[in-house]
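Colleague: If it helps, the file is called entry.cif and holds mmCIF, C-alpha atoms:
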data_input
#
loop_
_atom_site.label_atom_id
_atom_site.label_comp_id
_atom_site.auth_asym_id
_atom_site.auth_seq_id
_atom_site.Cartn_x
_atom_site.Cartn_y
_atom_site.Cartn_z
CA MET R 11 -17.98 -93.71 13.73
CA LYS R 12 -19.88 -92.98 10.52
CA THR R 13 -18.84 -90.31 8.02
CA VAL R 14 -21.67 -88.27 6.54
CA SER R 15 -21.18 -86.81 3.10
CA LEU R 16 -23.45 -83.98 1.98
CA LEU R 17 -24.76 -84.32 -1.53
CA ASP R 18 -25.30 -80.99 -3.24
CA PRO R 19 -26.53 -79.79 -6.59
CA PRO R 20 -24.16 -77.35 -8.34
CA LYS R 21 -23.93 -73.85 -6.91
CA ASN R 22 -21.59 -70.85 -7.21
CA VAL R 23 -21.13 -71.51 -10.94
CA SER R 24 -18.89 -68.92 -12.58
CA VAL R 25 -16.84 -68.30 -15.73
CA SER R 26 -13.46 -66.61 -15.98
CA ILE R 27 -11.70 -65.58 -19.19
CA SER R 28 -7.92 -65.57 -19.58
CA PRO R 29 -6.28 -63.37 -20.58
CA SER R 30 -8.46 -60.67 -19.09
CA GLY R 31 -8.69 -57.34 -20.90
CA GLU R 32 -8.46 -56.74 -24.63
CA ILE R 33 -8.49 -59.88 -26.81
CA LEU R 34 -7.01 -59.51 -30.29
CA GLU R 35 -7.77 -61.68 -33.30
CA GLY R 36 -5.18 -64.48 -33.40
CA ASP R 37 -4.76 -64.67 -29.60
CA SER R 38 -5.33 -67.86 -27.61
CA VAL R 39 -8.10 -67.64 -24.99
CA THR R 40 -9.13 -69.94 -22.15
CA LEU R 41 -12.56 -69.93 -20.50
CA SER R 42 -12.70 -71.68 -17.13
CA CYS R 43 -15.86 -72.84 -15.34
CA SER R 44 -15.92 -73.41 -11.61
CA SER R 45 -18.73 -74.72 -9.43
CA ASP R 46 -19.31 -76.23 -6.01
CA SER R 47 -21.12 -79.58 -6.02
CA ASN R 48 -21.03 -83.07 -4.57
CA PRO R 49 -20.65 -85.31 -6.45
CA PRO R 50 -18.51 -83.28 -8.88
CA ALA R 51 -20.46 -81.81 -11.78
CA GLU R 52 -20.19 -82.35 -15.50
CA ILE R 53 -19.58 -79.06 -17.34
CA SER R 54 -21.02 -78.04 -20.71
CA TRP R 55 -20.17 -74.83 -22.61
CA PHE R 56 -22.65 -72.76 -24.61
CA LYS R 57 -22.22 -69.86 -27.01
CA GLU R 58 -25.47 -67.97 -27.46
CA GLY R 59 -27.52 -71.08 -26.63
CA THR R 60 -25.58 -73.59 -28.76
CA ILE R 61 -23.37 -76.20 -27.10
CA VAL R 62 -19.72 -75.70 -28.07
CA GLY R 63 -17.75 -77.88 -25.66
CA SER R 64 -17.49 -79.80 -22.41
CA GLY R 65 -15.14 -79.95 -19.43
CA SER R 66 -14.15 -77.27 -16.96
CA ILE R 67 -11.80 -75.62 -19.49
CA TYR R 68 -12.81 -74.37 -22.96
CA SER R 69 -9.79 -73.26 -25.01
CA ILE R 70 -9.76 -71.34 -28.27
CA SER R 71 -6.48 -71.00 -30.17
CA LYS R 72 -6.11 -68.42 -32.93
CA ILE R 73 -9.34 -66.68 -31.96
CA SER R 74 -11.28 -64.89 -34.71
CA SER R 75 -14.13 -62.40 -34.84
CA ASN R 76 -16.55 -65.34 -35.22
CA HIS R 77 -15.75 -66.31 -31.63
CA SER R 78 -17.14 -63.03 -30.25
CA GLY R 79 -20.36 -63.47 -28.31
CA GLU R 80 -22.00 -64.54 -25.07
CA TYR R 81 -20.67 -67.67 -23.36
CA LYS R 82 -21.87 -69.56 -20.30
CA CYS R 83 -21.23 -72.91 -18.70
CA LYS R 84 -23.77 -75.34 -17.28
CA SER R 85 -22.79 -77.40 -14.24
CA ARG R 86 -24.81 -80.62 -13.81
CA ASN R 87 -24.80 -83.57 -11.43
CA LYS R 88 -27.50 -86.08 -10.42
CA HIS R 89 -28.87 -83.61 -7.85
CA GLY R 90 -29.43 -80.70 -10.21
CA GLU R 91 -27.94 -78.20 -12.61
CA LYS R 92 -27.07 -74.52 -12.66
CA ASP R 93 -25.94 -72.08 -15.35
CA SER R 94 -23.25 -69.49 -14.86
CA ASP R 95 -23.87 -65.84 -15.60
CA ILE R 96 -23.07 -64.83 -19.17
CA ALA R 97 -19.46 -63.95 -19.98
CA MET R 98 -18.97 -61.70 -23.01
CA LEU R 99 -16.07 -62.49 -25.32
CA ASN R 100 -15.26 -59.41 -27.42
CA VAL R 101 -12.59 -60.01 -30.08
CA MET R 102 -10.86 -56.92 -31.52
CA TYR R 103 -9.79 -56.94 -35.17
CA ALA R 104 -8.51 -54.54 -37.81
CA PRO R 105 -10.70 -53.11 -40.59
CA ARG R 106 -11.42 -55.42 -43.53
CA ASN R 107 -13.81 -55.65 -46.48
CA ALA R 108 -13.90 -51.89 -47.04
CA VAL R 109 -16.57 -50.94 -49.59
CA VAL R 110 -17.14 -47.55 -51.22
CA SER R 111 -20.44 -46.71 -52.87
CA ILE R 112 -21.65 -43.68 -54.82
CA SER R 113 -25.23 -42.46 -54.86
CA PRO R 114 -26.85 -41.86 -57.21
CA SER R 115 -25.22 -44.44 -59.45
CA GLY R 116 -24.80 -43.83 -63.16
CA GLU R 117 -23.77 -40.64 -64.92
CA ILE R 118 -23.05 -37.64 -62.72
CA VAL R 119 -23.16 -34.19 -64.25
CA GLU R 120 -21.28 -31.17 -62.95
CA GLY R 121 -23.44 -29.48 -60.31
CA ASP R 122 -25.16 -32.71 -59.23
CA SER R 123 -25.07 -33.71 -55.56
CA VAL R 124 -23.52 -37.07 -54.80
CA THR R 125 -23.08 -39.10 -51.65
CA LEU R 126 -19.98 -41.21 -51.10
CA SER R 127 -20.32 -43.93 -48.48
CA CYS R 128 -17.60 -46.10 -47.03
CA SER R 129 -18.14 -49.09 -44.76
CA SER R 130 -15.89 -51.77 -43.34
CA ASP R 131 -16.01 -54.60 -40.84
CA SER R 132 -13.89 -54.01 -37.71
CA ASN R 133 -13.97 -54.03 -33.93
CA PRO R 134 -13.83 -51.36 -32.69
CA PRO R 135 -15.57 -49.53 -35.57
CA ALA R 136 -13.09 -47.97 -37.97
CA GLU R 137 -12.48 -44.27 -38.38
CA ILE R 138 -13.07 -43.38 -42.03
CA ILE R 139 -10.77 -40.78 -43.64
CA TRP R 140 -11.40 -39.69 -47.22
CA PHE R 141 -8.65 -38.77 -49.68
CA LYS R 142 -8.66 -37.30 -53.16
CA GLY R 143 -5.24 -38.18 -54.49
CA THR R 144 -2.99 -37.41 -51.57
CA THR R 145 -5.20 -34.70 -50.06
CA ASN R 146 -6.91 -35.58 -46.80
CA LEU R 147 -10.47 -34.38 -47.44
CA ARG R 148 -11.32 -34.27 -43.73
CA LEU R 149 -8.82 -31.48 -43.25
CA ALA R 150 -9.71 -29.79 -46.52
CA LEU R 151 -13.51 -29.83 -46.10
CA MET R 152 -14.23 -29.64 -42.40
CA THR R 153 -16.00 -26.48 -41.27
CA ALA R 154 -16.84 -25.10 -37.85
CA ARG R 155 -20.35 -26.56 -38.22
CA GLY R 156 -19.24 -30.02 -39.33
CA TRP R 157 -18.92 -31.53 -42.80
CA SER R 158 -19.47 -29.34 -45.82
CA SER R 159 -21.93 -30.35 -48.47
CA LEU R 160 -20.21 -30.81 -51.84
CA LYS R 161 -21.47 -30.54 -55.36
CA SER R 162 -19.53 -32.23 -58.12
CA LYS R 163 -17.18 -29.84 -59.85
CA PRO R 164 -13.81 -30.00 -61.49
CA PHE R 165 -10.89 -30.04 -59.05
#
Could you write out this structure as structure tokens?
Modeller:
Amino acid sequence: MKTVSLLDPPKNVSVSISPSGEILEGDSVTLSCSSDSNPPAEISWFKEGTIVGSGSIYSISKISSNHSGEYKCKSRNKHGEKDSDIAMLNVMYAPRNAVVSISPSGEIVEGDSVTLSCSSDSNPPAEIIWFKGTTNLRLALMTARGWSSLKSKPF
């Protein structure tokens, strides 16, 4: 009796991310690639088109915001190759690099209008709360129609 072995290109290629749910900066994350093929496939990992690893498991320890992005695995054997769907890795991190700017720059005279802008890098985007001394300006300046327009004046 002869045994027949079916030779197949990769199919059913998929990626899973562990842990599932919210991923915080500093966590360890494992991406796993599975596929059906005969003979077994070689696995390559890609982040936004650039190869980043090989093997069925891609592990990242102490994940950072730079690791956020679209990942996929490619399963390849001598009969063909197939890519997984894209898996999005979204790393959450606290606000950093806060920058305040004033426009216009230079000397400001009483009665002039000025714009204060604050930006920071974070995921999710940070809520910005303005203070003058210890006074929360959001509570002090908010009106029924939204933010008040301010002109510079002595406080």
Colleague: Excluding Gly63 of chain R and its own-chain neighbours fewer than 5 positions away, which residues fall within 10 Å of it when counting only C-alpha atoms? Please give them as a VMD selection string.
Modeller: chain R and resid 53 to 57 68 to 69 83
Colleague: Of the residues R:Ser26, R:Ser75, R:Asn87, R:Ser38, which is the one nearest to Asp131 of chain R, using all atoms listed in the file?
Modeller: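 Among the listed residues, the smallest separation from Asp131 of chain R belongs to R:Ser75.
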Colleague: Could you check which of R:Val23, R:Ile70, R:Met98, R:Ile61 is closest to Asp37 of chain R, using only C-alpha atoms?
Modeller: R:Ile70
Colleague: Ranking R:Leu16, R:Val124, R:Ile138, R:Ile67 by minimum distance to Asp46 of chain R and counting only C-alpha atoms, which one comes first?
Modeller: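 Ranked by minimum distance to Asp46 of chain R, first place goes to R:Leu16.
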Colleague: When the PyMOL selection byres ((chain R and resi 85) around 6) is applied to the file above, which residues end up in the set, as number ranges by chain?
Modeller: R: 51-53, 84, 86, 91-92
Colleague: Could you give me, as a list in words, the residues within 12 Å of Gly31 of chain R, counting all atoms listed in the file and dropping anything in the same chain fewer than 3 positions from it?
Modeller: Ser26, Ile27, Ser28, Leu34, Val39, Met98, Leu99, Asn100, Val101 and Met102 of chain R
Colleague: Taking all atoms of segment 87-105 of chain R that the file lists and extending 5 Å past them on each side, where is the centre of the axis-aligned box and how long are its edges? Answer in Å to one decimal, as lines of an AutoDock Vina configuration file.
Modeller:
center_x = -19.0
center_y = -69.6
center_z = -24.2
size_x = 30.9
size_y = 43.0
size_z = 42.7
Colleague: With distances taken over all atoms listed in the file, which of R:Val109, R:Tyr103, R:Ile118, R:Glu137 is nearest to Glu32 of chain R?
Modeller: R:Tyr103
Colleague: Just how far from atom CA of Pro105 of chain R is atom CA of His77 of chain R, in Å to one decimal?
Modeller: 16.7 Å
Colleague: Which residues, written as a short mmCIF file (atom, residue, chain, number, x, y, z; two decimals) with C-alpha atoms, keeping the file's coordinate frame, have at least one atom at most 12 Å from Ser127 of chain R, with all atoms listed in the file counted and residues fewer than 2 positions away on the same chain left out?
Modeller:
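Printed below is part-v4.cif as written:
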data_model
loop_
_atom_site.label_atom_id
_atom_site.label_comp_id
_atom_site.auth_asym_id
_atom_site.auth_seq_id
_atom_site.Cartn_x
_atom_site.Cartn_y
_atom_site.Cartn_z
CA ALA R 108 -13.90 -51.89 -47.04
CA VAL R 109 -16.57 -50.94 -49.59
CA VAL R 110 -17.14 -47.55 -51.22
CA SER R 111 -20.44 -46.71 -52.87
CA ILE R 112 -21.65 -43.68 -54.82
CA SER R 113 -25.23 -42.46 -54.86
CA PRO R 114 -26.85 -41.86 -57.21
CA VAL R 124 -23.52 -37.07 -54.80
CA THR R 125 -23.08 -39.10 -51.65
CA SER R 129 -18.14 -49.09 -44.76
CA SER R 130 -15.89 -51.77 -43.34
CA ILE R 138 -13.07 -43.38 -42.03
CA ILE R 139 -10.77 -40.78 -43.64
CA TRP R 140 -11.40 -39.69 -47.22
#
Colleague: I need the residue nearest Thr60 of chain R from this list: R:Glu35, R:Lys82, R:Ser30, R:Ser44. Use all atoms listed in the file for the distance.
Modeller: R:Lys82
Colleague: Going by the chain IDs and residue numbers used in this file, which residues fall under the PyMOL selection byres ((chain R and resi 47) around 8)? Write them as a ChimeraX atom specification.
Modeller: /R:17-21,45-46,48-51,87
Colleague: Store the residues of this selection in a file with C-alpha atoms, as a PDB file, in the frame of the given file.
Modeller:
ATOM      1  CA  LEU R  17     -24.760 -84.320  -1.530  1.00  0.00           C
ATOM      2  CA  ASP R  18     -25.300 -80.990  -3.240  1.00  0.00           C
ATOM      3  CA  PRO R  19     -26.530 -79.790  -6.590  1.00  0.00           C
ATOM      4  CA  PRO R  20     -24.160 -77.350  -8.340  1.00  0.00           C
ATOM      5  CA  LYS R  21     -23.930 -73.850  -6.910  1.00  0.00           C
ATOM      6  CA  SER R  45     -18.730 -74.720  -9.430  1.00  0.00           C
ATOM      7  CA  ASP R  46     -19.310 -76.230  -6.010  1.00  0.00           C
ATOM      8  CA  ASN R  48     -21.030 -83.070  -4.570  1.00  0.00           C
ATOM      9  CA  PRO R  49     -20.650 -85.310  -6.450  1.00  0.00           C
ATOM     10  CA  PRO R  50     -18.510 -83.280  -8.880  1.00  0.00           C
ATOM     11  CA  ALA R  51     -20.460 -81.810 -11.780  1.00  0.00           C
ATOM     12  CA  ASN R  87     -24.800 -83.570 -11.430  1.00  0.00           C
TER      13      ASN R  87
END
Colleague: What does the structure give for the distance between atom CA of Ala97 of chain R and atom CA of Ser78 of chain R, in Å to one decimal?
Modeller: 10.6 Å
